[in-house]
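> Structure file protein17.csv, CSV, C-alpha atoms, is pasted below:
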```
chain,number,residue,atom,x,y,z
A,1,MET,CA,-14.2,-3.4,19.5
A,2,ARG,CA,-13.9,-0.1,21.3
A,3,ARG,CA,-16.6,1.3,23.5
A,4,ASP,CA,-17.6,3.8,20.8
A,5,GLY,CA,-18.4,0.9,18.4
A,6,ARG,CA,-15.3,1.1,16.3
A,7,VAL,CA,-12.7,-1.5,15.4
A,8,VAL,CA,-9.3,0.0,14.6
A,9,LEU,CA,-7.0,-2.1,12.4
A,10,ARG,CA,-3.4,-0.7,12.7
A,11,THR,CA,-0.4,-1.3,10.6
A,12,ASN,CA,2.1,-3.9,11.6
A,13,LEU,CA,5.5,-2.4,12.4
A,14,VAL,CA,7.3,-5.7,11.9
A,15,LYS,CA,6.1,-5.7,8.2
A,16,THR,CA,7.1,-2.1,7.9
A,17,PHE,CA,10.6,-2.7,9.1
A,18,ALA,CA,10.9,-5.9,7.0
A,19,LEU,CA,10.0,-4.0,3.9
A,20,ALA,CA,12.4,-1.2,4.8
A,21,LEU,CA,15.2,-3.8,5.4
A,22,VAL,CA,14.6,-5.5,2.0
A,23,SER,CA,14.6,-2.1,0.2
A,24,TRP,CA,17.8,-1.1,1.9
A,25,LEU,CA,19.4,-4.5,0.9
A,26,PHE,CA,18.5,-3.9,-2.7
A,27,VAL,CA,19.8,-0.4,-2.5
A,28,GLY,CA,23.1,-1.7,-1.1
A,29,ALA,CA,23.4,-4.4,-3.7
A,30,ILE,CA,22.8,-2.0,-6.5
A,31,ILE,CA,25.3,0.5,-5.1
A,32,LEU,CA,27.8,-2.3,-4.7
A,33,THR,CA,27.2,-3.3,-8.4
A,34,PHE,CA,28.0,0.3,-9.5
A,35,THR,CA,31.0,0.4,-7.3
A,36,VAL,CA,32.7,-2.8,-8.5
A,37,THR,CA,31.8,-2.2,-12.2
A,38,PRO,CA,34.4,0.0,-13.8
A,39,ALA,CA,32.9,3.2,-15.4
A,40,SER,CA,34.5,2.4,-18.7
A,41,THR,CA,32.4,-0.8,-19.0
A,42,TRP,CA,29.1,1.1,-19.3
A,43,ASN,CA,30.4,4.3,-21.0
A,44,PRO,CA,29.7,4.0,-24.8
A,45,MET,CA,32.5,6.6,-25.5
A,46,SER,CA,35.3,4.6,-23.8
A,47,PRO,CA,37.5,2.0,-25.4
A,48,GLY,CA,36.6,-0.6,-22.7
A,49,PHE,CA,32.8,-0.3,-23.4
A,50,GLY,CA,31.1,-3.6,-22.4
A,51,GLY,CA,28.5,-3.5,-25.1
A,52,TRP,CA,24.9,-2.3,-25.2
A,53,PRO,CA,23.5,-5.2,-23.1
A,54,VAL,CA,25.7,-4.1,-20.2
A,55,PHE,CA,24.7,-0.5,-20.7
A,56,PHE,CA,21.0,-1.3,-20.6
A,57,LEU,CA,21.5,-3.6,-17.6
A,58,LEU,CA,23.2,-0.8,-15.7
A,59,ALA,CA,20.4,1.6,-16.8
A,60,VAL,CA,17.8,-0.8,-15.3
A,61,PHE,CA,19.9,-0.9,-12.2
A,62,ALA,CA,19.9,2.9,-12.0
A,63,ILE,CA,16.1,2.9,-12.3
A,64,GLY,CA,16.0,0.2,-9.6
A,65,LEU,CA,18.2,2.3,-7.4
A,66,ALA,CA,15.9,5.2,-7.7
A,67,LEU,CA,12.7,3.1,-7.0
A,68,PHE,CA,14.2,1.1,-4.1
A,69,GLY,CA,15.8,4.2,-2.7
A,70,VAL,CA,12.5,6.0,-2.6
A,71,GLY,CA,10.9,2.9,-1.1
A,72,ALA,CA,13.6,2.5,1.5
A,73,LEU,CA,13.2,6.1,2.6
A,74,LEU,CA,9.4,5.9,2.7
A,75,TRP,CA,9.4,2.5,4.6
A,76,THR,CA,12.1,3.8,7.1
A,77,PHE,CA,11.2,7.4,7.7
A,78,VAL,CA,7.7,8.1,6.6
A,79,PHE,CA,5.5,5.0,7.0
A,80,PRO,CA,6.3,4.4,10.7
A,81,PHE,CA,5.4,8.0,11.6
A,82,VAL,CA,2.2,8.5,9.6
A,83,ARG,CA,0.9,5.1,10.9
A,84,PRO,CA,-2.0,4.4,8.5
A,85,GLN,CA,-5.0,2.7,10.1
A,86,PHE,CA,-8.3,1.3,8.9
A,87,VAL,CA,-11.4,1.9,11.0
A,88,VAL,CA,-14.6,-0.2,10.8
A,89,SER,CA,-17.5,1.4,12.7
A,90,ARG,CA,-21.3,1.4,12.8
A,91,TRP,CA,-21.2,4.2,10.3
A,92,GLY,CA,-19.0,2.6,7.8
A,93,VAL,CA,-15.3,2.2,6.9
A,94,GLU,CA,-12.5,4.8,7.0
A,95,SER,CA,-8.8,4.7,6.1
A,96,SER,CA,-6.6,7.4,7.5
A,97,TRP,CA,-3.1,8.4,8.4
A,98,TRP,CA,-1.5,10.8,10.9
A,99,LYS,CA,0.1,14.2,10.2
A,100,ALA,CA,1.0,17.0,12.5
A,101,GLY,CA,-2.3,18.4,13.7
A,102,GLY,CA,-4.4,15.2,13.5
A,103,ARG,CA,-5.5,12.4,11.3
A,104,VAL,CA,-6.3,12.8,7.6
A,105,ARG,CA,-8.9,10.7,6.0
A,106,GLN,CA,-7.7,8.9,2.8
A,107,PHE,CA,-10.9,7.0,2.1
A,108,ALA,CA,-14.3,6.8,3.9
A,109,THR,CA,-17.7,5.6,3.0
A,110,PRO,CA,-20.9,4.6,4.9
A,111,TRP,CA,-22.2,1.1,4.8
A,112,SER,CA,-25.2,2.2,2.7
A,113,GLY,CA,-22.7,3.4,0.0
A,114,ILE,CA,-20.8,0.1,-0.3
A,115,VAL,CA,-21.7,-2.0,-3.3
A,116,ASP,CA,-19.3,-4.8,-2.9
A,117,ILE,CA,-16.5,-6.1,-0.7
A,118,GLY,CA,-14.3,-8.4,-2.5
A,119,GLY,CA,-10.8,-9.7,-3.0
A,120,GLU,CA,-8.4,-9.7,-5.9
A,121,PHE,CA,-6.1,-12.6,-5.8
A,122,GLN,CA,-2.6,-11.9,-7.2
A,123,TRP,CA,-0.7,-14.8,-8.5
A,124,ARG,CA,3.0,-14.4,-8.0
A,125,LYS,CA,5.9,-16.2,-9.7
A,126,GLY,CA,9.0,-17.5,-8.0
A,127,MET,CA,9.4,-17.7,-4.2
A,128,LEU,CA,7.0,-14.9,-3.4
A,129,PRO,CA,3.7,-16.1,-1.9
A,130,ASP,CA,0.4,-15.4,-3.7
A,131,ALA,CA,-1.3,-12.3,-2.3
A,132,LEU,CA,-4.9,-11.4,-1.6
A,133,VAL,CA,-5.9,-7.7,-1.9
A,134,VAL,CA,-9.1,-6.7,-0.2
A,135,THR,CA,-11.2,-4.2,-2.2
A,136,ILE,CA,-14.2,-2.1,-1.3
A,137,THR,CA,-16.3,-0.8,-4.1
A,138,ALA,CA,-18.6,2.1,-3.2
A,139,ARG,CA,-20.8,4.6,-5.0
A,140,GLY,CA,-18.8,7.6,-6.0
A,141,VAL,CA,-21.2,10.1,-4.5
A,142,THR,CA,-21.0,8.4,-1.0
A,143,ALA,CA,-17.2,7.9,-0.9
A,144,HIS,CA,-14.8,10.4,0.4
A,145,ARG,CA,-11.3,10.2,-1.1
A,146,ASN,CA,-8.3,12.4,-0.4
A,147,ALA,CA,-6.2,13.4,-3.4
A,148,LEU,CA,-2.5,14.4,-3.0
A,149,ILE,CA,-2.6,16.6,-6.0
A,150,GLY,CA,-5.6,18.3,-7.6
A,151,ASN,CA,-9.3,17.7,-7.0
A,152,VAL,CA,-10.9,14.3,-6.7
A,153,ARG,CA,-13.5,13.5,-9.3
A,154,ASN,CA,-16.5,11.6,-8.2
A,155,PRO,CA,-16.9,8.7,-10.7
A,156,GLU,CA,-20.0,6.4,-10.6
A,157,MET,CA,-18.0,3.7,-8.6
A,158,VAL,CA,-14.9,3.9,-6.5
A,159,THR,CA,-12.7,0.9,-5.7
A,160,TYR,CA,-10.5,1.2,-2.7
A,161,ARG,CA,-7.7,-1.3,-2.0
A,162,VAL,CA,-7.3,-1.9,1.8
A,163,LEU,CA,-3.7,-1.7,3.1
A,164,ARG,CA,-1.9,-5.0,3.1
A,165,GLU,CA,0.4,-3.9,5.9
A,166,LEU,CA,-2.3,-4.2,8.6
A,167,LYS,CA,-1.6,-6.5,11.5
A,168,ALA,CA,-4.6,-8.7,10.5
A,169,LYS,CA,-4.2,-11.1,7.6
A,170,PRO,CA,-6.0,-9.9,4.4
A,171,ARG,CA,-8.4,-13.0,4.4
A,172,ASP,CA,-9.4,-12.2,8.0
A,173,VAL,CA,-10.1,-8.6,7.1
A,174,LEU,CA,-12.1,-9.7,4.0
A,175,VAL,CA,-14.3,-12.1,6.1
A,176,PHE,CA,-14.7,-9.5,8.9
A,177,LEU,CA,-15.8,-6.8,6.5
A,178,ARG,CA,-18.2,-9.1,4.6
A,179,GLU,CA,-19.8,-10.2,7.9
A,180,VAL,CA,-20.3,-6.6,9.2
A,181,HIS,CA,-21.6,-5.5,5.8
A,182,VAL,CA,-24.1,-8.4,5.7
A,183,ALA,CA,-25.2,-7.6,9.3
A,184,HIS,CA,-25.6,-3.9,8.5
A,185,THR,CA,-27.7,-4.6,5.3
A,186,ALA,CA,-29.9,-7.1,7.3
A,187,HIS,CA,-30.8,-4.3,9.8
A,188,ARG,CA,-31.9,-1.9,7.1
```
What's the structure tokens form of this structure?

Amino acid sequence: MRRDGRVVLRTNLVKTFALALVSWLFVGAIILTFTVTPASTWNPMSPGFGGWPVFFLLAVFAIGLALFGVGALLWTFVFPFVRPQFVVSRWGVESSWWKAGGRVRQFATPWSGIVDIGGEFQWRKGMLPDALVVTITARGVTAHRNALIGNVRNPEMVTYRVLRELKAKPRDVLVFLREVHVAHTAHR
């Protein structure tokens, strides 16, 4: 904890670069697939057309190229420089990121506005490990949210998903937030 009564949880650069590497590997694999597949195989007007399943498979690959390409660019060039962070203080919680001119709050709410701190468990298939997503539910009138486009509406309740890319493990963040919330409500 800092002297001013704040705990700053920063993002993990190793996780960031690992996600960037995985995204670039997928982009490379998809580009390689397009390179080695003759254009006549996926062109319905050519005599060497491979059939509609091949056409749809390559359409899915094109969509994947766009998605993984955007992800690779974001994880490589944007995320390491905006350095999102999550701050827990005596006042409440705040999530922010950096831009030229200072930090921008993405989400903030005082402890008195928090209704629930919970976790959503995501079951994953295959080799991917299951994931815990820490959520903070707050009253809409007490929560500050930053919208990229348009105005933010204040619903009755707001649920914020804490970044998974923090250096701390999600279960540790969940336990820490619950303990601080319980300690704050006991002092009221």
> Hey, which of A:Pro38, A:Pro155, A:Pro110, A:Gly71 ends up closest to A:Phe55? Count all atoms listed in the file.
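The shortest atom-to-atom distance to A:Phe55 comes from A:Pro38.
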> So how many Å separate atom CA of A:Met45 and atom CA of A:Ala66, to one decimal?
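One can read the atom CA of A:Met45 to atom CA of A:Ala66 distance as 24.4 Å.
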> Which distance in Å separates atom CA of A:Val175 and atom CA of A:Thr142, to one decimal?
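Straight-line distance from atom CA of A:Val175 to atom CA of A:Thr142 works out to 22.7 Å.
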> Calculated over all atoms listed in the file, which of the candidates A:Thr41, A:Thr11, A:Gln122, A:Thr35 has the smallest distance to A:Ser95?
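Under the stated criterion, the closest residue is A:Thr11.
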> Which residue gives the smallest distance to A:Gly118 among A:His187, A:Arg6, A:Arg171, A:Arg145, with all atoms listed in the file counted?
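Residue with the minimum atom-to-atom distance to A:Gly118: A:Arg171.
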> Let me make sure I understand: among A:Ala72, A:Ala186, A:Ala39, A:Ala100, which one has the smallest atom-to-atom distance to A:Phe26 if we use only C-alpha atoms?
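Ranked by minimum distance to A:Phe26, first place goes to A:Ala72.
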> Mind checking which residues fall within 7 Å of A:Phe121, counting only C-alpha atoms, ignoring those fewer than 5 positions away in the same chain, and posting them as JSON, numbers by chain?
{"A": [131, 132, 133]}
> List the spatial neighbours of stretch 165-168 of chain A as JSON, numbers by chain - criterion: any atom at most 9 Å away, all atoms listed in the file, same-chain residues fewer than 2 positions off excluded.
{"A": [9, 10, 11, 12, 13, 14, 15, 16, 84, 85, 86, 162, 163, 170, 171, 172, 173]}
> Skipping near chain neighbours, those fewer than 4 positions away, what residues fall within 6 Å of A:Trp97 using all atoms listed in the file, listed as a list of chain:residue names?
A:Val82, A:Arg83, A:Pro84, A:Arg103, A:Val104
> Generate a file of the selected residues that holds C-alpha atoms, formatted as a short mmCIF file (atom, residue, chain, number, x, y, z; two decimals), in the coordinates of the input.

```
data_model
loop_
_atom_site.label_atom_id
_atom_site.label_comp_id
_atom_site.auth_asym_id
_atom_site.auth_seq_id
_atom_site.Cartn_x
_atom_site.Cartn_y
_atom_site.Cartn_z
CA VAL A 82 2.20 8.50 9.60
CA ARG A 83 0.90 5.10 10.90
CA PRO A 84 -2.00 4.40 8.50
CA ARG A 103 -5.50 12.40 11.30
CA VAL A 104 -6.30 12.80 7.60
#
```
> Ranking A:Phe81, A:Tyr160, A:Phe107, A:Trp24 by minimum distance to A:Thr137 and counting all atoms listed in the file, which one comes first?
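The closest residue to A:Thr137 is A:Tyr160.
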> Which one is closest to A:Phe68: A:Thr135, A:Ser23, A:Gly119, A:His184? Count all atoms listed in the file.
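The closest residue to A:Phe68 is A:Ser23.
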> Quick one: distance from atom CA of A:Leu67 to atom CA of A:Gly102 in Å, one decimal?
29.3 Å
> Counting only C-alpha atoms, which residues sit no farther than 7 Å from the position (-14.6, -1.5, 4.9) in the file's frame? I'd like them as a PyMOL selection string.
chain A and resi 88+92-94+136+177
> Can you tell me, as a PyMOL selection string, what residues are no more than 12 Å from A:Ser40 when counting all atoms listed in the file, ignoring any on the same chain fewer than 5 positions away?
chain A and resi 34+45-51+54-55
